[in-house]
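Peer 1: If it helps, the file is called entry.pdb and holds PDB, C-alpha atoms, pLDDT in the B column:
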```
ATOM      1  CA  MET U   5      15.920 106.579  36.971  1.00 67.00           C
ATOM      2  CA  VAL U   6      16.101 104.902  33.560  1.00 66.00           C
ATOM      3  CA  LYS U   7      18.415 102.182  34.864  1.00 70.00           C
ATOM      4  CA  TYR U   8      16.098 101.700  37.807  1.00 64.00           C
ATOM      5  CA  LEU U   9      13.076 101.249  35.525  1.00 68.00           C
ATOM      6  CA  LEU U  10      15.001  98.877  33.239  1.00 67.00           C
ATOM      7  CA  LYS U  11      15.816  96.802  36.292  1.00 71.00           C
ATOM      8  CA  HIS U  12      12.082  96.311  36.846  1.00 67.00           C
ATOM      9  CA  LEU U  13      11.222  96.052  33.145  1.00 76.00           C
ATOM     10  CA  LYS U  14       9.661  92.598  33.514  1.00 81.00           C
ATOM     11  CA  SER U  15       7.273  93.840  36.175  1.00 80.00           C
ATOM     12  CA  ILE U  16       6.302  96.844  34.072  1.00 77.00           C
ATOM     13  CA  LEU U  17       5.666  94.688  30.998  1.00 83.00           C
ATOM     14  CA  ALA U  18       3.727  92.184  33.091  1.00 85.00           C
ATOM     15  CA  SER U  19       1.484  95.017  34.278  1.00 83.00           C
ATOM     16  CA  GLY U  20       0.897  96.045  30.669  1.00 83.00           C
ATOM     17  CA  VAL U  21       0.022  92.500  29.610  1.00 87.00           C
ATOM     18  CA  ILE U  22      -2.397  92.076  32.524  1.00 88.00           C
ATOM     19  CA  PHE U  23      -4.192  95.335  31.686  1.00 85.00           C
ATOM     20  CA  ALA U  24      -4.344  94.343  28.000  1.00 84.00           C
ATOM     21  CA  LEU U  25      -5.915  90.977  28.872  1.00 88.00           C
ATOM     22  CA  VAL U  26      -8.437  92.624  31.188  1.00 86.00           C
ATOM     23  CA  ALA U  27      -9.370  95.141  28.490  1.00 81.00           C
ATOM     24  CA  PHE U  28      -9.732  92.292  25.968  1.00 82.00           C
ATOM     25  CA  MET U  29     -12.070  90.333  28.258  1.00 85.00           C
ATOM     26  CA  VAL U  30     -14.146  93.396  29.185  1.00 82.00           C
ATOM     27  CA  VAL U  31     -14.658  94.326  25.526  1.00 78.00           C
ATOM     28  CA  MET U  32     -16.013  90.836  24.816  1.00 77.00           C
ATOM     29  CA  PHE U  33     -19.054  91.690  26.956  1.00 80.00           C
ATOM     30  CA  PHE U  34     -19.842  94.872  24.990  1.00 83.00           C
ATOM     31  CA  PRO U  35     -22.435  94.899  22.165  1.00 86.00           C
ATOM     32  CA  LYS U  36     -20.710  93.879  18.942  1.00 90.00           C
ATOM     33  CA  TYR U  37     -21.272  95.579  15.590  1.00 93.00           C
ATOM     34  CA  TYR U  38     -20.462  94.385  12.081  1.00 96.00           C
ATOM     35  CA  SER U  39     -19.931  96.712   9.136  1.00 96.00           C
ATOM     36  CA  ALA U  40     -20.998  96.642   5.500  1.00 97.00           C
ATOM     37  CA  GLY U  41     -19.391  98.793   2.825  1.00 96.00           C
ATOM     38  CA  SER U  42     -20.421  99.727  -0.713  1.00 96.00           C
ATOM     39  CA  GLN U  43     -19.480 102.337  -3.297  1.00 96.00           C
ATOM     40  CA  LEU U  44     -21.470 104.677  -5.520  1.00 95.00           C
ATOM     41  CA  LEU U  45     -20.234 106.426  -8.645  1.00 93.00           C
ATOM     42  CA  ILE U  46     -21.106 110.107  -9.103  1.00 90.00           C
ATOM     43  CA  VAL U  47     -22.099 110.923 -12.682  1.00 86.00           C
ATOM     44  CA  ASN U  48     -22.382 114.634 -13.482  1.00 80.00           C
ATOM     45  CA  ARG U  49     -24.262 114.895 -16.788  1.00 72.00           C
ATOM     46  CA  SER U  50     -24.008 118.694 -16.989  1.00 66.00           C
ATOM     47  CA  PHE U  51     -20.232 118.803 -16.685  1.00 60.00           C
ATOM     48  CA  ASN U  52     -18.714 118.733 -20.169  1.00 59.00           C
ATOM     49  CA  SER U  53     -15.068 119.429 -19.349  1.00 55.00           C
ATOM     50  CA  THR U  54     -12.624 116.959 -20.844  1.00 57.00           C
ATOM     51  CA  ASP U  55     -10.117 117.615 -18.077  1.00 63.00           C
ATOM     52  CA  PRO U  56     -10.236 114.522 -15.794  1.00 69.00           C
ATOM     53  CA  TYR U  57      -8.847 116.470 -12.827  1.00 71.00           C
ATOM     54  CA  THR U  58     -11.576 119.110 -13.071  1.00 74.00           C
ATOM     55  CA  GLN U  59     -14.239 116.418 -13.403  1.00 75.00           C
ATOM     56  CA  VAL U  60     -13.005 114.623 -10.314  1.00 77.00           C
ATOM     57  CA  LYS U  61     -12.873 117.821  -8.261  1.00 81.00           C
ATOM     58  CA  ALA U  62     -16.438 118.674  -9.283  1.00 81.00           C
ATOM     59  CA  ALA U  63     -17.551 115.182  -8.236  1.00 81.00           C
ATOM     60  CA  GLU U  64     -15.762 115.623  -4.906  1.00 84.00           C
ATOM     61  CA  ARG U  65     -17.706 118.790  -4.114  1.00 88.00           C
ATOM     62  CA  ILE U  66     -20.973 117.053  -4.981  1.00 88.00           C
ATOM     63  CA  GLY U  67     -20.021 114.033  -2.893  1.00 88.00           C
ATOM     64  CA  GLU U  68     -19.157 116.199   0.095  1.00 90.00           C
ATOM     65  CA  ASN U  69     -22.606 117.826  -0.050  1.00 90.00           C
ATOM     66  CA  ILE U  70     -24.354 114.464  -0.312  1.00 90.00           C
ATOM     67  CA  ALA U  71     -22.321 113.089   2.606  1.00 90.00           C
ATOM     68  CA  LYS U  72     -23.500 115.956   4.809  1.00 92.00           C
ATOM     69  CA  VAL U  73     -27.102 115.380   3.755  1.00 92.00           C
ATOM     70  CA  ALA U  74     -26.892 111.726   4.881  1.00 92.00           C
ATOM     71  CA  ASP U  75     -26.740 112.916   8.505  1.00 91.00           C
ATOM     72  CA  THR U  76     -29.971 114.897   8.305  1.00 93.00           C
ATOM     73  CA  THR U  77     -33.410 114.012   9.623  1.00 92.00           C
ATOM     74  CA  ASP U  78     -34.871 114.464   6.149  1.00 93.00           C
ATOM     75  CA  PHE U  79     -32.579 111.807   4.692  1.00 94.00           C
ATOM     76  CA  TYR U  80     -33.252 109.473   7.605  1.00 93.00           C
ATOM     77  CA  LYS U  81     -37.015 109.730   7.025  1.00 92.00           C
ATOM     78  CA  LYS U  82     -36.562 109.038   3.317  1.00 93.00           C
ATOM     79  CA  THR U  83     -34.453 105.970   4.118  1.00 93.00           C
ATOM     80  CA  LEU U  84     -37.269 104.581   6.258  1.00 91.00           C
ATOM     81  CA  LEU U  85     -39.436 104.697   3.117  1.00 88.00           C
ATOM     82  CA  ALA U  86     -36.955 102.555   1.171  1.00 82.00           C
ATOM     83  CA  SER U  87     -38.238  99.240  -0.143  1.00 78.00           C
ATOM     84  CA  GLN U  88     -35.269  97.394   1.333  1.00 77.00           C
ATOM     85  CA  SER U  89     -36.180  95.520   4.502  1.00 85.00           C
ATOM     86  CA  PHE U  90     -34.125  96.498   7.540  1.00 90.00           C
ATOM     87  CA  ASP U  91     -34.956  96.945  11.216  1.00 90.00           C
ATOM     88  CA  LYS U  92     -37.046 100.095  10.830  1.00 91.00           C
ATOM     89  CA  GLN U  93     -38.886  99.486  14.103  1.00 90.00           C
ATOM     90  CA  TYR U  94     -35.637  99.827  16.038  1.00 91.00           C
ATOM     91  CA  TRP U  95     -35.025 103.304  14.634  1.00 92.00           C
ATOM     92  CA  GLN U  96     -38.637 104.414  15.051  1.00 90.00           C
ATOM     93  CA  THR U  97     -38.689 103.532  18.765  1.00 92.00           C
ATOM     94  CA  LEU U  98     -35.673 105.706  19.589  1.00 92.00           C
ATOM     95  CA  GLU U  99     -36.006 109.170  21.057  1.00 93.00           C
ATOM     96  CA  GLU U 100     -35.014 111.870  18.567  1.00 91.00           C
ATOM     97  CA  ARG U 101     -31.769 112.745  20.362  1.00 93.00           C
ATOM     98  CA  ASP U 102     -30.723 109.083  20.616  1.00 94.00           C
ATOM     99  CA  ARG U 103     -31.789 108.451  17.044  1.00 94.00           C
ATOM    100  CA  ARG U 104     -29.607 111.239  15.676  1.00 93.00           C
ATOM    101  CA  GLU U 105     -26.629 110.062  17.698  1.00 94.00           C
ATOM    102  CA  LYS U 106     -26.945 106.415  16.660  1.00 95.00           C
ATOM    103  CA  TRP U 107     -27.672 107.280  13.023  1.00 95.00           C
ATOM    104  CA  GLY U 108     -24.498 109.341  12.909  1.00 93.00           C
ATOM    105  CA  GLN U 109     -22.548 106.470  14.458  1.00 93.00           C
ATOM    106  CA  ASN U 110     -23.954 103.680  12.288  1.00 95.00           C
ATOM    107  CA  VAL U 111     -24.374 105.378   8.899  1.00 95.00           C
ATOM    108  CA  LYS U 112     -21.214 106.829   7.389  1.00 95.00           C
ATOM    109  CA  VAL U 113     -21.182 108.375   3.908  1.00 95.00           C
ATOM    110  CA  SER U 114     -17.889 109.827   2.703  1.00 93.00           C
ATOM    111  CA  MET U 115     -16.139 110.880  -0.462  1.00 91.00           C
ATOM    112  CA  ASN U 116     -13.304 108.794  -1.853  1.00 88.00           C
ATOM    113  CA  TYR U 117     -11.022 111.631  -2.850  1.00 84.00           C
ATOM    114  CA  ASN U 118      -9.165 111.706  -6.177  1.00 82.00           C
ATOM    115  CA  SER U 119     -11.995 109.709  -7.690  1.00 83.00           C
ATOM    116  CA  SER U 120     -15.714 110.055  -8.381  1.00 85.00           C
ATOM    117  CA  LEU U 121     -16.625 107.369  -5.862  1.00 92.00           C
ATOM    118  CA  MET U 122     -18.570 107.674  -2.629  1.00 93.00           C
ATOM    119  CA  ASN U 123     -18.170 105.231   0.241  1.00 95.00           C
ATOM    120  CA  VAL U 124     -21.237 104.047   2.146  1.00 96.00           C
ATOM    121  CA  VAL U 125     -20.492 102.205   5.382  1.00 97.00           C
ATOM    122  CA  THR U 126     -23.145 100.999   7.806  1.00 97.00           C
ATOM    123  CA  TYR U 127     -22.937  99.229  11.160  1.00 96.00           C
ATOM    124  CA  ALA U 128     -25.343  96.815  12.836  1.00 95.00           C
ATOM    125  CA  LYS U 129     -25.366  93.971  15.355  1.00 93.00           C
ATOM    126  CA  THR U 130     -25.562  91.318  12.632  1.00 94.00           C
ATOM    127  CA  LYS U 131     -23.890  91.025   9.242  1.00 95.00           C
ATOM    128  CA  GLN U 132     -27.221  90.756   7.437  1.00 95.00           C
ATOM    129  CA  GLU U 133     -28.685  93.816   9.139  1.00 95.00           C
ATOM    130  CA  ALA U 134     -25.564  95.820   8.271  1.00 96.00           C
ATOM    131  CA  VAL U 135     -25.996  94.799   4.612  1.00 96.00           C
ATOM    132  CA  ASN U 136     -29.735  95.539   4.649  1.00 95.00           C
ATOM    133  CA  LEU U 137     -29.193  98.997   6.121  1.00 95.00           C
ATOM    134  CA  ASN U 138     -26.446  99.678   3.590  1.00 96.00           C
ATOM    135  CA  VAL U 139     -28.715  98.746   0.691  1.00 95.00           C
ATOM    136  CA  ALA U 140     -31.476 100.992   2.049  1.00 94.00           C
ATOM    137  CA  VAL U 141     -29.121 103.958   2.434  1.00 95.00           C
ATOM    138  CA  SER U 142     -27.628 103.404  -1.033  1.00 95.00           C
ATOM    139  CA  GLN U 143     -31.086 103.078  -2.597  1.00 93.00           C
ATOM    140  CA  THR U 144     -32.139 106.338  -0.988  1.00 94.00           C
ATOM    141  CA  LEU U 145     -29.012 108.137  -2.150  1.00 93.00           C
ATOM    142  CA  ILE U 146     -29.526 106.915  -5.709  1.00 92.00           C
ATOM    143  CA  SER U 147     -33.252 107.585  -5.929  1.00 91.00           C
ATOM    144  CA  ARG U 148     -33.335 110.872  -3.981  1.00 90.00           C
ATOM    145  CA  SER U 149     -30.063 112.528  -4.981  1.00 87.00           C
ATOM    146  CA  ALA U 150     -31.857 114.881  -7.387  1.00 86.00           C
ATOM    147  CA  GLU U 151     -33.669 116.468  -4.434  1.00 89.00           C
ATOM    148  CA  TYR U 152     -30.347 117.496  -2.912  1.00 87.00           C
ATOM    149  CA  VAL U 153     -27.952 118.165  -5.803  1.00 83.00           C
ATOM    150  CA  GLY U 154     -30.169 118.570  -8.857  1.00 80.00           C
ATOM    151  CA  THR U 155     -31.307 116.405 -11.750  1.00 75.00           C
ATOM    152  CA  ASP U 156     -28.018 116.718 -13.638  1.00 80.00           C
ATOM    153  CA  VAL U 157     -26.288 114.484 -11.092  1.00 84.00           C
ATOM    154  CA  ALA U 158     -26.872 110.740 -10.883  1.00 87.00           C
ATOM    155  CA  LEU U 159     -25.483 108.085  -8.547  1.00 92.00           C
ATOM    156  CA  LYS U 160     -24.755 104.552  -9.695  1.00 92.00           C
ATOM    157  CA  ASN U 161     -24.028 101.545  -7.519  1.00 93.00           C
ATOM    158  CA  VAL U 162     -20.660 100.101  -8.595  1.00 94.00           C
ATOM    159  CA  ASN U 163     -19.811  97.942  -5.554  1.00 94.00           C
ATOM    160  CA  ASP U 164     -22.490  95.975  -3.725  1.00 94.00           C
ATOM    161  CA  PRO U 165     -22.419  95.913   0.109  1.00 94.00           C
ATOM    162  CA  LEU U 166     -19.802  93.601   1.565  1.00 96.00           C
ATOM    163  CA  ALA U 167     -20.072  92.680   5.237  1.00 96.00           C
ATOM    164  CA  SER U 168     -17.048  92.429   7.511  1.00 94.00           C
ATOM    165  CA  ARG U 169     -15.992  88.897   8.462  1.00 92.00           C
ATOM    166  CA  PHE U 170     -15.698  89.777  12.134  1.00 90.00           C
ATOM    167  CA  PHE U 171     -17.223  92.442  14.340  1.00 88.00           C
ATOM    168  CA  VAL U 172     -15.487  95.816  14.032  1.00 89.00           C
ATOM    169  CA  ARG U 173     -16.943  97.553  17.076  1.00 85.00           C
ATOM    170  CA  PRO U 174     -15.600  97.613  19.674  1.00 81.00           C
ATOM    171  CA  SER U 175     -12.089  97.112  18.344  1.00 77.00           C
ATOM    172  CA  LEU U 176     -10.287  94.316  20.175  1.00 79.00           C
ATOM    173  CA  ILE U 177      -6.919  95.454  18.849  1.00 83.00           C
ATOM    174  CA  LEU U 178      -7.385  99.086  19.878  1.00 84.00           C
ATOM    175  CA  SER U 179      -8.824  98.173  23.281  1.00 83.00           C
ATOM    176  CA  SER U 180      -6.019  95.720  24.005  1.00 85.00           C
ATOM    177  CA  PHE U 181      -3.401  98.248  22.888  1.00 88.00           C
ATOM    178  CA  MET U 182      -4.880 100.938  25.128  1.00 89.00           C
ATOM    179  CA  GLY U 183      -4.932  98.442  27.993  1.00 85.00           C
ATOM    180  CA  LEU U 184      -1.270  97.647  27.338  1.00 88.00           C
ATOM    181  CA  VAL U 185      -0.327 101.341  27.346  1.00 89.00           C
ATOM    182  CA  PHE U 186      -2.245 102.124  30.539  1.00 88.00           C
ATOM    183  CA  GLY U 187      -0.847  98.986  32.145  1.00 84.00           C
ATOM    184  CA  ILE U 188       2.724 100.004  31.348  1.00 85.00           C
ATOM    185  CA  LEU U 189       2.105 103.530  32.668  1.00 87.00           C
ATOM    186  CA  PHE U 190       0.535 102.096  35.797  1.00 85.00           C
ATOM    187  CA  GLY U 191       3.510  99.785  36.242  1.00 81.00           C
ATOM    188  CA  ILE U 192       5.972 102.658  35.882  1.00 81.00           C
ATOM    189  CA  LEU U 193       4.061 104.835  38.374  1.00 84.00           C
ATOM    190  CA  TRP U 194       3.788 101.969  40.822  1.00 81.00           C
ATOM    191  CA  ILE U 195       7.506 101.155  40.590  1.00 78.00           C
ATOM    192  CA  VAL U 196       8.478 104.821  40.999  1.00 79.00           C
ATOM    193  CA  SER U 197       6.104 105.402  43.924  1.00 79.00           C
ATOM    194  CA  ASN U 198       7.541 102.362  45.712  1.00 73.00           C
ATOM    195  CA  LYS U 199      11.171 103.125  44.863  1.00 65.00           C
ATOM    196  CA  LYS U 200      12.336 103.342  48.444  1.00 58.00           C
ATOM    197  CA  ARG U 201      10.794 100.016  49.334  1.00 59.00           C
ATOM    198  CA  PHE U 202      12.373  98.321  46.289  1.00 52.00           C
ATOM    199  CA  MET U 203      15.744  99.915  46.997  1.00 56.00           C
ATOM    200  CA  SER U 204      15.801  98.288  50.425  1.00 51.00           C
ATOM    201  CA  PHE U 205      15.900  94.806  48.875  1.00 49.00           C
TER     202      PHE U 205
END
```
How does the structure come out when it is put into structure tokens?
Peer 2:
Amino acid sequence: MVKYLLKHLKSILASGVIFALVAFMVVMFFPKYYSAGSQLLIVNRSFNSTDPYTQVKAAERIGENIAKVADTTDFYKKTLLASQSFDKQYWQTLEERDRREKWGQNVKVSMNYNSSLMNVVTYAKTKQEAVNLNVAVSQTLISRSAEYVGTDVALKNVNDPLASRFFVRPSLILSSFMGLVFGILFGILWIVSNKKRFMSF
């Protein structure tokens, strides 16, 4: 069977390339999203340990809690009150279920482990809107963190938002790769299912 497939390798690869090109072209018609990323430093004023490892681990636990809070309705409402101008009307017109889903997709707050840094990544249909949303989220995290983790913890912006040069959603590379894989599998199945007909030539 392996020798038989190798004999038709060009056809199988051609199928993969065709599927990859189709996937590439289809993705170009999807809505495109740019990203903007920034970083916040967690400063724990109440933690007096001189052990750097212990300090970092304490910051990680705080960062994990804050990251979970960023997905909540309470945090979303506070972000809408931020002075930074972003497309608030878009979010306010969404149904609650859709709003929660899209907020979770387009606002990502995570802990940069082995450090005291938090990553804030936002997505939007334009570079400027991605930056504006990132600033609003970061402002809210900095100004409202005491409500979630206490007054002894402060957040400081150490890296301003930087927008991606090209759109990151949907991923052209991933889509094309998946198209290539499915195309190759399709080619193999097609060759195998038509083995008798090919063997007659």
Peer 1: Considering all atoms listed in the file, return as number ranges by chain whatever protein or nucleic-acid residues lie within 10 Å of Trp107 of chain U, sequence-local ones (same chain, fewer than 2 positions apart) excluded.
Peer 2: U: 74-77, 80, 95, 102-105, 109-112, 126-127
Peer 1: Specify as a list in words each residue included when the PyMOL selection byres ((chain U and resi 164) around 12) is applied to this file.
Peer 2: Ala40, Gly41, Ser42, Gln43, Leu44, Leu45, Asn123, Val124, Val125, Val135, Asn136, Asn138, Val139, Ala140, Ser142, Gln143, Lys160, Asn161, Val162, Asn163, Pro165, Leu166 and Ala167 of chain U
Peer 1: Using all atoms listed in the file, pick whichever of U:Arg173, U:Lys92, U:Arg101, U:Lys106 has the shortest atom-to-atom distance to Leu137 of chain U.
Peer 2: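 Answer, going by the shortest atom-to-atom distance: U:Lys92.
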Peer 1: Any chance you could resolve the PyMOL selection byres ((chain U and resi 148) around 12) against this file and give the residues as a short mmCIF file (atom, residue, chain, number, x, y, z; two decimals) with C-alpha atoms, in the frame of the given file?
Peer 2:
```
data_model
loop_
_atom_site.label_atom_id
_atom_site.label_comp_id
_atom_site.auth_asym_id
_atom_site.auth_seq_id
_atom_site.Cartn_x
_atom_site.Cartn_y
_atom_site.Cartn_z
CA ILE U 70 -24.35 114.46 -0.31
CA VAL U 73 -27.10 115.38 3.76
CA ALA U 74 -26.89 111.73 4.88
CA ASP U 78 -34.87 114.46 6.15
CA PHE U 79 -32.58 111.81 4.69
CA TYR U 80 -33.25 109.47 7.60
CA LYS U 81 -37.02 109.73 7.02
CA LYS U 82 -36.56 109.04 3.32
CA THR U 83 -34.45 105.97 4.12
CA LEU U 85 -39.44 104.70 3.12
CA ALA U 86 -36.96 102.56 1.17
CA ALA U 140 -31.48 100.99 2.05
CA VAL U 141 -29.12 103.96 2.43
CA SER U 142 -27.63 103.40 -1.03
CA GLN U 143 -31.09 103.08 -2.60
CA THR U 144 -32.14 106.34 -0.99
CA LEU U 145 -29.01 108.14 -2.15
CA ILE U 146 -29.53 106.92 -5.71
CA SER U 147 -33.25 107.58 -5.93
CA SER U 149 -30.06 112.53 -4.98
CA ALA U 150 -31.86 114.88 -7.39
CA GLU U 151 -33.67 116.47 -4.43
CA TYR U 152 -30.35 117.50 -2.91
CA VAL U 153 -27.95 118.16 -5.80
CA GLY U 154 -30.17 118.57 -8.86
CA THR U 155 -31.31 116.40 -11.75
CA VAL U 157 -26.29 114.48 -11.09
CA ALA U 158 -26.87 110.74 -10.88
CA LEU U 159 -25.48 108.08 -8.55
#
```
Peer 1: Neighbourhood query: residues within 9 Å of (-18.9, 117.8, -10.9), file coordinates, counting all atoms listed in the file; return as a ChimeraX atom specification.
Peer 2: /U:46-51,58-67,120,157
Peer 1: Identify which of the residues U:Met32, U:Val21, U:Leu13, U:Ala27 lies closest to Leu178 of chain U, counting all atoms listed in the file when measuring atom-to-atom distances.
Peer 2: U:Ala27
Peer 1: To one decimal place in Å, what is the distance between atom CA of Ser39 of chain U and atom CA of Lys129 of chain U?
Peer 2: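 Separation between atom CA of Ser39 of chain U and atom CA of Lys129 of chain U: 8.7 Å.
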Peer 1: What does the distance between atom CA of Ser15 of chain U and atom CA of Phe33 of chain U come to in Å, to one decimal place?
Peer 2: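 Separation of atom CA of Ser15 of chain U and atom CA of Phe33 of chain U: 28.0 Å.
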Peer 1: As a check of understanding, name the residues that the PyMOL selection byres ((chain U and resi 184) around 8) selects in the supplied structure, as a ChimeraX atom specification.
Peer 2: /U:19-24,180-183,185-188
Peer 1: Mind pulling up the distance from atom CA of Lys11 of chain U to atom CA of Met29 of chain U?
Peer 2: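 Between these atoms lies a distance of 29.7 Å.
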Peer 1: Find, counting only C-alpha atoms, the residue in U:Leu189, U:Ala71, U:Val31, U:Ala134 that gets nearest to Asn116 of chain U.
Peer 2: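 Residue with the minimum atom-to-atom distance to Asn116 of chain U: U:Ala71.
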Peer 1: Rank nothing, just name the residue among U:Lys72, U:Lys36, U:Lys14, U:Lys7 nearest to Lys131 of chain U, using only C-alpha atoms.
Peer 2: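 Answer, going by the shortest atom-to-atom distance: U:Lys36.
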Peer 1: For Val26 of chain U, which residue among U:Gly191, U:Ser197, U:Ser114, U:Leu176 is the nearest when counting only C-alpha atoms?
Peer 2: U:Leu176
Peer 1: Box along x, y and z, 5 Å on every side, all listed atoms of segment 153-164 of chain U inside: centre and edge lengths in Å to one decimal, as lines of an AutoDock Vina configuration file.
Peer 2:
```
center_x = -25.6
center_y = 107.3
center_z = -8.7
size_x = 21.5
size_y = 32.6
size_z = 19.9
```
Peer 1: With N, CA and C atoms as the goal, would you fill in the gaps in segment 86-97 of chain U and present it as a PDB file, in the frame of the given file?
Peer 2:
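Written file, selection-v7.pdb:
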```
ATOM      1  N   ALA U  86     -37.593 103.423   2.174  1.00 82.00           N
ATOM      2  CA  ALA U  86     -36.955 102.555   1.171  1.00 82.00           C
ATOM      3  C   ALA U  86     -37.597 101.180   1.162  1.00 82.00           C
ATOM      4  N   SER U  87     -37.620 100.558  -0.011  1.00 78.00           N
ATOM      5  CA  SER U  87     -38.238  99.240  -0.143  1.00 78.00           C
ATOM      6  C   SER U  87     -37.422  98.149   0.535  1.00 78.00           C
ATOM      7  N   GLN U  88     -36.123  98.383   0.702  1.00 77.00           N
ATOM      8  CA  GLN U  88     -35.269  97.394   1.333  1.00 77.00           C
ATOM      9  C   GLN U  88     -35.699  97.155   2.774  1.00 77.00           C
ATOM     10  N   SER U  89     -35.767  95.883   3.149  1.00 85.00           N
ATOM     11  CA  SER U  89     -36.180  95.520   4.502  1.00 85.00           C
ATOM     12  C   SER U  89     -35.000  95.589   5.461  1.00 85.00           C
ATOM     13  N   PHE U  90     -35.083  96.469   6.437  1.00 90.00           N
ATOM     14  CA  PHE U  90     -34.125  96.498   7.540  1.00 90.00           C
ATOM     15  C   PHE U  90     -34.919  96.799   8.809  1.00 90.00           C
ATOM     16  N   ASP U  91     -34.253  96.810   9.941  1.00 90.00           N
ATOM     17  CA  ASP U  91     -34.956  96.945  11.216  1.00 90.00           C
ATOM     18  C   ASP U  91     -35.440  98.380  11.420  1.00 90.00           C
ATOM     19  N   LYS U  92     -36.515  98.736  10.741  1.00 91.00           N
ATOM     20  CA  LYS U  92     -37.046 100.095  10.830  1.00 91.00           C
ATOM     21  C   LYS U  92     -37.666 100.362  12.199  1.00 91.00           C
ATOM     22  N   GLN U  93     -38.229  99.315  12.804  1.00 90.00           N
ATOM     23  CA  GLN U  93     -38.886  99.486  14.103  1.00 90.00           C
ATOM     24  C   GLN U  93     -37.885  99.941  15.167  1.00 90.00           C
ATOM     25  N   TYR U  94     -36.676  99.428  15.077  1.00 91.00           N
ATOM     26  CA  TYR U  94     -35.637  99.827  16.038  1.00 91.00           C
ATOM     27  C   TYR U  94     -35.411 101.335  15.985  1.00 91.00           C
ATOM     28  N   TRP U  95     -35.297 101.875  14.782  1.00 92.00           N
ATOM     29  CA  TRP U  95     -35.025 103.304  14.634  1.00 92.00           C
ATOM     30  C   TRP U  95     -36.229 104.147  15.035  1.00 92.00           C
ATOM     31  N   GLN U  96     -37.431 103.645  14.757  1.00 90.00           N
ATOM     32  CA  GLN U  96     -38.637 104.414  15.051  1.00 90.00           C
ATOM     33  C   GLN U  96     -38.933 104.494  16.544  1.00 90.00           C
ATOM     34  N   THR U  97     -38.429 103.533  17.328  1.00 92.00           N
ATOM     35  CA  THR U  97     -38.689 103.532  18.765  1.00 92.00           C
ATOM     36  C   THR U  97     -37.706 104.394  19.552  1.00 92.00           C
TER      37      THR U  97
END
```
